[in-house]
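Student: File query-v7.pdb below, PDB, C-alpha atoms:
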ATOM      1  CA  MET R  74      11.320  -5.775   9.636
ATOM      2  CA  ILE R  75       7.868  -5.555  11.160
ATOM      3  CA  HIS R  76       7.563  -4.017  14.601
ATOM      4  CA  LEU R  77       4.539  -4.166  16.847
ATOM      5  CA  LEU R  78       4.441  -0.856  18.698
ATOM      6  CA  HIS R  79       2.667  -0.123  21.973
ATOM      7  CA  THR R  80       4.822   2.907  22.723
ATOM      8  CA  ARG R  81       6.674   5.453  20.629
ATOM      9  CA  ALA R  82       9.105   3.890  18.152
ATOM     10  CA  THR R  83      12.798   4.211  18.890
ATOM     11  CA  PRO R  84      15.088   5.565  16.145
ATOM     12  CA  GLU R  85      16.401   2.029  15.659
ATOM     13  CA  GLN R  86      12.894   0.654  15.198
ATOM     14  CA  LEU R  87      12.095   3.387  12.682
ATOM     15  CA  ASP R  88      15.268   2.586  10.734
ATOM     16  CA  GLU R  89      14.370  -1.091  10.681
ATOM     17  CA  MET R  90      10.792  -0.404   9.597
ATOM     18  CA  LEU R  91      12.044   1.865   6.816
ATOM     19  CA  GLN R  92      14.209  -0.908   5.380
ATOM     20  CA  ALA R  93      11.242  -2.487   3.604
ATOM     21  CA  LEU R  94      10.304   0.473   1.418
ATOM     22  CA  GLU R  95      13.036   3.052   2.249
ATOM     23  CA  ASP R  96      10.997   6.241   1.987
ATOM     24  CA  TRP R  97       7.787   5.328   3.789
ATOM     25  CA  ILE R  98       6.347   2.839   6.248
ATOM     26  CA  LYS R  99       3.170   0.851   5.709
ATOM     27  CA  VAL R 100       1.323   0.347   8.971
ATOM     28  CA  ALA R 101      -1.721  -1.484  10.236
ATOM     29  CA  VAL R 102      -3.358   0.241  13.195
ATOM     30  CA  ASP R 103      -5.560  -1.316  15.864
ATOM     31  CA  ILE R 104      -7.786   1.569  16.921
ATOM     32  CA  ARG R 105      -9.209  -0.343  19.887
ATOM     33  CA  ARG R 106      -5.916  -1.510  21.391
ATOM     34  CA  ASP R 107      -4.115   1.716  20.468
ATOM     35  CA  ILE R 108      -1.200  -0.074  18.809
ATOM     36  CA  LEU R 109       0.240  -0.478  15.341
ATOM     37  CA  ALA R 110       2.391  -2.863  13.345
ATOM     38  CA  GLY R 111       4.574  -1.465  10.586
ATOM     39  CA  GLY R 112       7.508  -2.152   8.354
ATOM     40  CA  GLY R 113       6.357  -4.712   5.809
ATOM     41  CA  LYS R 114       6.083  -4.448   2.045
ATOM     42  CA  LEU R 115       2.317  -4.864   2.290
ATOM     43  CA  HIS R 116      -0.190  -3.473   4.766
ATOM     44  CA  ALA R 117      -1.369  -7.042   5.110
ATOM     45  CA  GLU R 118       1.884  -8.009   6.791
ATOM     46  CA  GLY R 119       1.263  -5.530   9.583
ATOM     47  CA  GLU R 120      -2.332  -6.656   9.721
ATOM     48  CA  ALA R 121      -1.186 -10.268  10.065
ATOM     49  CA  ALA R 122       1.126  -9.320  12.940
ATOM     50  CA  LEU R 123      -1.770  -7.637  14.746
ATOM     51  CA  LEU R 124      -4.129 -10.557  14.141
ATOM     52  CA  ALA R 125      -1.514 -12.973  15.472
ATOM     53  CA  ASP R 126      -1.201 -10.737  18.539
ATOM     54  CA  GLY R 127      -4.926 -10.984  19.231
ATOM     55  CA  SER R 128      -6.340  -7.962  17.430
ATOM     56  CA  ARG R 129      -9.800  -8.156  15.878
ATOM     57  CA  GLN R 130     -10.150  -7.697  12.143
ATOM     58  CA  GLY R 131     -12.727  -4.942  12.432
ATOM     59  CA  ASP R 132     -10.395  -2.816  14.557
ATOM     60  CA  ILE R 133      -7.505  -2.846  12.093
ATOM     61  CA  TRP R 134      -7.031  -0.115   9.495
ATOM     62  CA  GLY R 135      -4.236   0.558   7.036
ATOM     63  CA  ALA R 136      -2.174   3.712   6.603
ATOM     64  CA  THR R 137       1.175   4.837   5.265
ATOM     65  CA  TRP R 138       3.567   7.250   6.965
ATOM     66  CA  GLU R 139       6.045   9.333   5.020
ATOM     67  CA  PRO R 140       8.686  10.495   7.536
ATOM     68  CA  ASP R 141      10.366  13.266   5.539
ATOM     69  CA  LEU R 142       7.121  15.102   4.959
ATOM     70  CA  HIS R 143       5.278  13.900   8.076
ATOM     71  CA  VAL R 144       2.372  12.796   5.923
ATOM     72  CA  VAL R 145      -0.060  10.087   7.015
ATOM     73  CA  THR R 146      -2.154   8.594   4.200
ATOM     74  CA  CYS R 147      -5.163   6.531   5.222
ATOM     75  CA  GLU R 148      -5.475   4.658   1.946
ATOM     76  CA  SER R 149      -4.891   0.937   1.755
ATOM     77  CA  LEU R 150      -6.289  -2.180   0.203
ATOM     78  CA  ILE R 151      -7.048  -3.596   3.652
ATOM     79  CA  ASN R 152      -9.441  -0.697   4.274
ATOM     80  CA  ILE R 153     -11.975  -2.052   1.791
ATOM     81  CA  ARG R 154     -14.591  -3.374   4.233
ATOM     82  CA  PRO R 155     -18.061  -3.485   2.709
ATOM     83  CA  ARG R 156     -19.286  -5.214   5.858
ATOM     84  CA  GLN R 157     -18.231  -2.151   7.850
ATOM     85  CA  ASN R 158     -19.607   0.186   5.212
ATOM     86  CA  ASN R 159     -16.166   1.192   3.928
ATOM     87  CA  HIS R 160     -16.213   0.532   0.199
ATOM     88  CA  SER R 161     -12.990   2.248  -0.833
ATOM     89  CA  MET R 162      -9.310   2.105   0.030
ATOM     90  CA  LEU R 163      -9.683   5.403   1.862
ATOM     91  CA  ILE R 164     -11.065   5.343   5.376
ATOM     92  CA  THR R 165     -14.307   7.201   4.850
ATOM     93  CA  ASP R 166     -15.384   7.541   8.485
ATOM     94  CA  PRO R 167     -13.676  10.719   9.751
ATOM     95  CA  VAL R 168     -13.720   9.488  13.355
ATOM     96  CA  ILE R 169     -11.825   6.314  12.442
ATOM     97  CA  ARG R 170      -9.515   8.220  10.125
ATOM     98  CA  ASP R 171      -8.621  10.781  12.785
ATOM     99  CA  ARG R 172      -8.012   8.011  15.293
ATOM    100  CA  VAL R 173      -5.664   6.214  12.885
ATOM    101  CA  VAL R 174      -3.734   9.405  12.157
ATOM    102  CA  GLU R 175      -3.493  10.203  15.868
ATOM    103  CA  ILE R 176      -2.091   6.749  16.706
ATOM    104  CA  VAL R 177       0.372   6.823  13.815
ATOM    105  CA  ARG R 178       1.642  10.276  14.752
ATOM    106  CA  ARG R 179       1.949   9.386  18.427
ATOM    107  CA  LEU R 180       3.758   6.088  17.907
ATOM    108  CA  LEU R 181       5.944   7.069  14.966
ATOM    109  CA  GLU R 182       6.475  10.798  15.457
ATOM    110  CA  GLY R 183       5.983  11.125  19.192
ATOM    111  CA  THR R 184       3.392  13.866  18.850
TER
ATOM    112  CA  MET N 522      28.888  -2.445  -7.490
ATOM    113  CA  THR N 523      28.274  -5.925  -8.829
ATOM    114  CA  ASN N 524      27.365  -7.129  -5.360
ATOM    115  CA  GLN N 525      24.893  -4.296  -4.902
ATOM    116  CA  ILE N 526      23.150  -5.142  -8.164
ATOM    117  CA  ALA N 527      22.960  -8.796  -7.111
ATOM    118  CA  ILE N 528      21.396  -7.835  -3.779
ATOM    119  CA  GLU N 529      18.773  -5.637  -5.438
ATOM    120  CA  SER N 530      17.975  -8.372  -7.900
ATOM    121  CA  ASP N 531      17.454 -10.864  -5.080
ATOM    122  CA  GLU N 532      15.150  -8.455  -3.321
ATOM    123  CA  ILE N 533      13.046  -7.896  -6.416
ATOM    124  CA  GLN N 534      12.850 -11.637  -6.932
ATOM    125  CA  ALA N 535      11.703 -12.130  -3.345
ATOM    126  CA  ARG N 536       9.123  -9.403  -3.748
ATOM    127  CA  ARG N 537       7.938 -10.916  -7.004
ATOM    128  CA  HIS N 538       7.630 -14.321  -5.378
ATOM    129  CA  ARG N 539       5.611 -12.901  -2.485
ATOM    130  CA  PHE N 540       3.366 -10.957  -4.851
ATOM    131  CA  MET N 541       2.785 -13.918  -7.165
ATOM    132  CA  ASN N 542       1.501 -15.920  -4.206
ATOM    133  CA  LEU N 543      -1.413 -13.525  -3.846
ATOM    134  CA  ALA N 544      -4.735 -14.290  -5.515
ATOM    135  CA  LEU N 545      -5.208 -12.451  -8.807
ATOM    136  CA  PRO N 546      -7.924 -10.046  -7.519
ATOM    137  CA  VAL N 547      -5.630  -9.127  -4.635
ATOM    138  CA  ARG N 548      -2.745  -8.477  -7.033
ATOM    139  CA  LEU N 549      -4.982  -6.101  -8.969
ATOM    140  CA  GLY N 550      -5.978  -4.487  -5.678
ATOM    141  CA  GLU N 551      -2.338  -3.977  -4.712
ATOM    142  CA  LEU N 552      -1.750  -2.362  -8.103
ATOM    143  CA  ALA N 553      -4.708  -0.037  -7.495
ATOM    144  CA  GLU N 554      -3.254   0.906  -4.109
ATOM    145  CA  SER N 555       0.148   1.575  -5.628
ATOM    146  CA  LEU N 556      -1.373   3.877  -8.276
ATOM    147  CA  ALA N 557      -3.346   5.788  -5.654
ATOM    148  CA  PHE N 558      -0.281   6.151  -3.461
ATOM    149  CA  ALA N 559       1.621   7.717  -6.369
ATOM    150  CA  THR N 560      -0.642  10.762  -6.036
ATOM    151  CA  VAL N 561       0.349  11.490  -2.429
ATOM    152  CA  THR N 562       2.475  14.575  -1.687
ATOM    153  CA  SER N 563       2.098  15.734  -5.287
ATOM    154  CA  ASP N 564       2.532  19.368  -4.230
ATOM    155  CA  HIS N 565       5.893  18.765  -2.571
ATOM    156  CA  PRO N 566       9.271  19.600  -4.196
ATOM    157  CA  LYS N 567      10.404  16.015  -3.654
ATOM    158  CA  TYR N 568       7.436  14.693  -5.646
ATOM    159  CA  PRO N 569       9.440  13.715  -8.784
ATOM    160  CA  LYS N 570      11.561  11.309  -6.728
ATOM    161  CA  PHE N 571       8.492   9.973  -4.966
ATOM    162  CA  LEU N 572       6.636   9.628  -8.261
ATOM    163  CA  THR N 573       9.525   7.763  -9.839
ATOM    164  CA  ARG N 574       9.661   5.250  -7.002
ATOM    165  CA  THR N 575       5.933   4.640  -6.865
ATOM    166  CA  LEU N 576       5.513   4.414 -10.643
ATOM    167  CA  ASN N 577       8.389   1.948 -10.906
ATOM    168  CA  GLU N 578       6.637  -0.121  -8.281
ATOM    169  CA  SER N 579       3.392  -0.027 -10.274
ATOM    170  CA  VAL N 580       5.196  -1.098 -13.448
ATOM    171  CA  ASN N 581       6.617  -4.085 -11.576
ATOM    172  CA  LEU N 582       3.171  -5.040 -10.291
ATOM    173  CA  ILE N 583       1.743  -4.873 -13.818
ATOM    174  CA  ASP N 584       4.556  -7.063 -15.140
ATOM    175  CA  TRP N 585       3.840  -9.611 -12.433
ATOM    176  CA  THR N 586       0.104  -9.624 -13.111
ATOM    177  CA  VAL N 587      -0.525  -9.184 -16.800
ATOM    178  CA  ALA N 588      -0.014 -12.805 -17.859
ATOM    179  CA  ALA N 589      -2.745 -14.007 -15.506
ATOM    180  CA  VAL N 590      -5.606 -11.699 -16.498
ATOM    181  CA  ASP N 591      -8.193 -11.876 -19.279
ATOM    182  CA  PRO N 592      -7.191 -10.498 -22.691
ATOM    183  CA  GLU N 593      -9.477  -7.502 -22.206
ATOM    184  CA  VAL N 594      -7.721  -6.565 -18.977
ATOM    185  CA  GLN N 595      -4.333  -7.278 -20.544
ATOM    186  CA  ILE N 596      -5.037  -4.550 -23.074
ATOM    187  CA  GLU N 597      -5.941  -2.133 -20.282
ATOM    188  CA  LEU N 598      -2.816  -2.999 -18.317
ATOM    189  CA  ALA N 599      -0.678  -2.540 -21.422
ATOM    190  CA  GLU N 600      -2.202   0.897 -21.942
ATOM    191  CA  LEU N 601      -1.652   1.781 -18.291
ATOM    192  CA  ARG N 602       1.951   0.588 -18.448
ATOM    193  CA  SER N 603       2.537   2.779 -21.458
ATOM    194  CA  HIS N 604       1.252   5.830 -19.536
ATOM    195  CA  LEU N 605       3.384   4.952 -16.525
ATOM    196  CA  THR N 606       6.573   4.714 -18.569
ATOM    197  CA  ASP N 607       5.768   8.071 -20.205
ATOM    198  CA  TRP N 608       5.257   9.650 -16.792
ATOM    199  CA  LEU N 609       8.423   8.032 -15.469
ATOM    200  CA  ARG N 610      10.378   9.603 -18.305
ATOM    201  CA  ASP N 611       8.776  12.985 -17.589
ATOM    202  CA  ALA N 612       8.734  12.774 -13.779
ATOM    203  CA  GLN N 613      10.943  15.823 -13.309
ATOM    204  CA  ALA N 614       8.847  17.957 -15.654
ATOM    205  CA  ILE N 615       5.621  16.731 -14.090
ATOM    206  CA  GLY N 616       6.882  17.720 -10.653
ATOM    207  CA  GLY N 617       7.688  21.223 -11.826
ATOM    208  CA  ASP N 618       4.501  21.948 -13.722
ATOM    209  CA  PRO N 619       1.280  22.262 -11.680
ATOM    210  CA  VAL N 620      -0.944  21.726 -14.721
ATOM    211  CA  LYS N 621       0.858  18.566 -15.853
ATOM    212  CA  ARG N 622       0.981  17.365 -12.274
ATOM    213  CA  ALA N 623      -2.757  17.810 -11.764
ATOM    214  CA  ARG N 624      -3.431  15.961 -15.010
ATOM    215  CA  VAL N 625      -1.208  13.017 -14.025
ATOM    216  CA  VAL N 626      -2.634  12.847 -10.499
ATOM    217  CA  ALA N 627      -6.174  12.794 -11.902
ATOM    218  CA  ALA N 628      -5.239  10.093 -14.399
ATOM    219  CA  LEU N 629      -3.581   7.983 -11.701
ATOM    220  CA  ARG N 630      -6.678   8.291  -9.537
ATOM    221  CA  GLU N 631      -8.881   7.260 -12.436
ATOM    222  CA  TRP N 632      -6.700   4.265 -13.262
ATOM    223  CA  SER N 633      -6.554   3.251  -9.630
ATOM    224  CA  GLN N 634     -10.332   3.133  -9.421
ATOM    225  CA  LYS N 635     -10.595   1.328 -12.752
ATOM    226  CA  ILE N 636      -8.144  -1.378 -11.653
ATOM    227  CA  LEU N 637      -9.851  -1.682  -8.279
ATOM    228  CA  ASP N 638     -13.172  -2.162 -10.072
ATOM    229  CA  ARG N 639     -11.534  -4.834 -12.224
ATOM    230  CA  SER N 640     -10.342  -6.624  -9.088
ATOM    231  CA  GLY N 641     -13.920  -6.993  -7.875
ATOM    232  CA  LEU N 642     -12.734  -6.893  -4.247
ATOM    233  CA  ALA N 643     -15.309  -4.303  -3.181
ATOM    234  CA  ASP N 644     -18.069  -6.697  -4.219
ATOM    235  CA  TYR N 645     -17.280  -9.088  -1.391
ATOM    236  CA  ASP N 646     -18.460  -8.626   2.183
ATOM    237  CA  ASP N 647     -15.131  -9.997   3.379
ATOM    238  CA  TRP N 648     -12.731 -10.317   0.477
ATOM    239  CA  GLN N 649      -9.791 -10.946   2.791
ATOM    240  CA  MET N 650     -11.316 -14.197   4.011
ATOM    241  CA  GLU N 651     -12.394 -15.076   0.487
ATOM    242  CA  PHE N 652      -8.840 -14.787  -0.827
ATOM    243  CA  ASP N 653      -6.890 -15.815   2.283
ATOM    244  CA  TYR N 654      -5.160 -12.458   2.559
ATOM    245  CA  PRO N 655      -2.557 -12.348   3.933
ATOM    246  CA  PRO N 656      -1.823 -15.869   2.722
ATOM    247  CA  GLY N 657      -2.018 -18.580   5.332
ATOM    248  CA  ILE N 658      -2.477 -16.174   8.212
ATOM    249  CA  ARG N 659      -6.174 -15.592   8.411
ATOM    250  CA  ALA N 660      -7.341 -19.082   9.291
ATOM    251  CA  ALA N 661      -4.963 -19.185  12.275
ATOM    252  CA  ALA N 662      -5.913 -15.647  13.258
ATOM    253  CA  GLU N 663      -9.571 -16.524  13.403
ATOM    254  CA  VAL N 664      -8.758 -19.083  16.100
ATOM    255  CA  LEU N 665      -6.913 -16.482  18.142
ATOM    256  CA  VAL N 666      -9.647 -13.839  18.029
TER
END
Output the file's structure as structure tokens, nothing else.
Tutor:
Amino acid sequence: MIHLLHTRATPEQLDEMLQALEDWIKVAVDIRRDILAGGGKLHAEGEAALLADGSRQGDIWGATWEPDLHVVTCESLINIRPRQNNHSMLITDPVIRDRVVEIVRRLLEGT
Amino acid sequence: MTNQIAIESDEIQARRHRFMNLALPVRLGELAESLAFATVTSDHPKYPKFLTRTLNESVNLIDWTVAAVDPEVQIELAELRSHLTDWLRDAQAIGGDPVKRARVVAALREWSQKILDRSGLADYDDWQMEFDYPPGIRAAAEVLV
């Protein structure tokens, strides 16, 4: 189940988001609106939820959160944005990357 | 037990159906992402379990893609699949041996980039619009923005 999070996820929301892939959660993060959507099989599903909620494409970045190890990986197909000078699946701009990690940790880990 | 197997089978079928609806370059891109993700947390004790799950996923994505690509790419995917099944068999040993692990992680990274190059997605200014990804969502989303 995909959840659109403005505030820290509840344990129930985390459980529901983990149902898609069991061991990790794929998220799409809107770095302008400070929100994320997670819980689909593809990053694109979270991205679609954000777009439908009014997010702008250029503000959305993909990441994956691994709850057991508290690892955030900023590598996703949706991060390939030649128009925004990001030519790989990794987010190459450290400012954007740090922002994504910060939002993921705050909304999924509460830190 | 039978019920559980049936449920898993349904889920894989649903996943396959969703994946097969993606444009071919996007399917290759998803495979590249899956291969790259298999390298994450490689220094953790739980890595063999993680590796097994992510490699199984990559094998599925290859199986759902190979029939649609050019013969040249089919050969590459067949070679990749062969490596993945070897690494799946040896996942426990790979997790316990830093040298083997480093070699597999490097190979996965190399294959990920190779498959991503094959997808051609990085050659587009906006490949997501080009390939309607996610399917059917983007046109409506453009109206909302």
Student: Pick the closest to chain R from N:Gly641, N:Pro655, N:Gly616, N:Pro592: which is it, counting all atoms listed in the file?
Tutor: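 Under the stated criterion, the closest residue is N:Pro655.
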Student: Could you check how far CA of Ile133 (chain R) sits from CA of Ile164 (chain R), in Å to one decimal?
Tutor: 11.2 Å
Student: With only C-alpha atoms as the counted atoms, please give the residues lying no more than 9 Å from Thr575 (chain N), apart from itself and same-chain residues fewer than 4 positions off, as a list in words.
Tutor: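 The neighbour list is Ser555, Leu556, Phe558, Ala559, Lys570, Phe571, Ser579 and Val580 of chain N.
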Student: To one decimal in Å, tell me the separation between CA of Glu578 (chain N) and CA of Leu552 (chain N).
Tutor: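 Rounded to one decimal, the two atoms are 8.7 Å apart.
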Student: Can you work out which one of R:Asp107, R:Glu118, R:Asp132, R:Glu95 has the shortest atom-to-atom distance to chain N, counting all atoms listed in the file?
Tutor: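 Going through R:Asp107, R:Glu118, R:Asp132, R:Glu95 one by one, the smallest distance to chain N is for R:Glu118.
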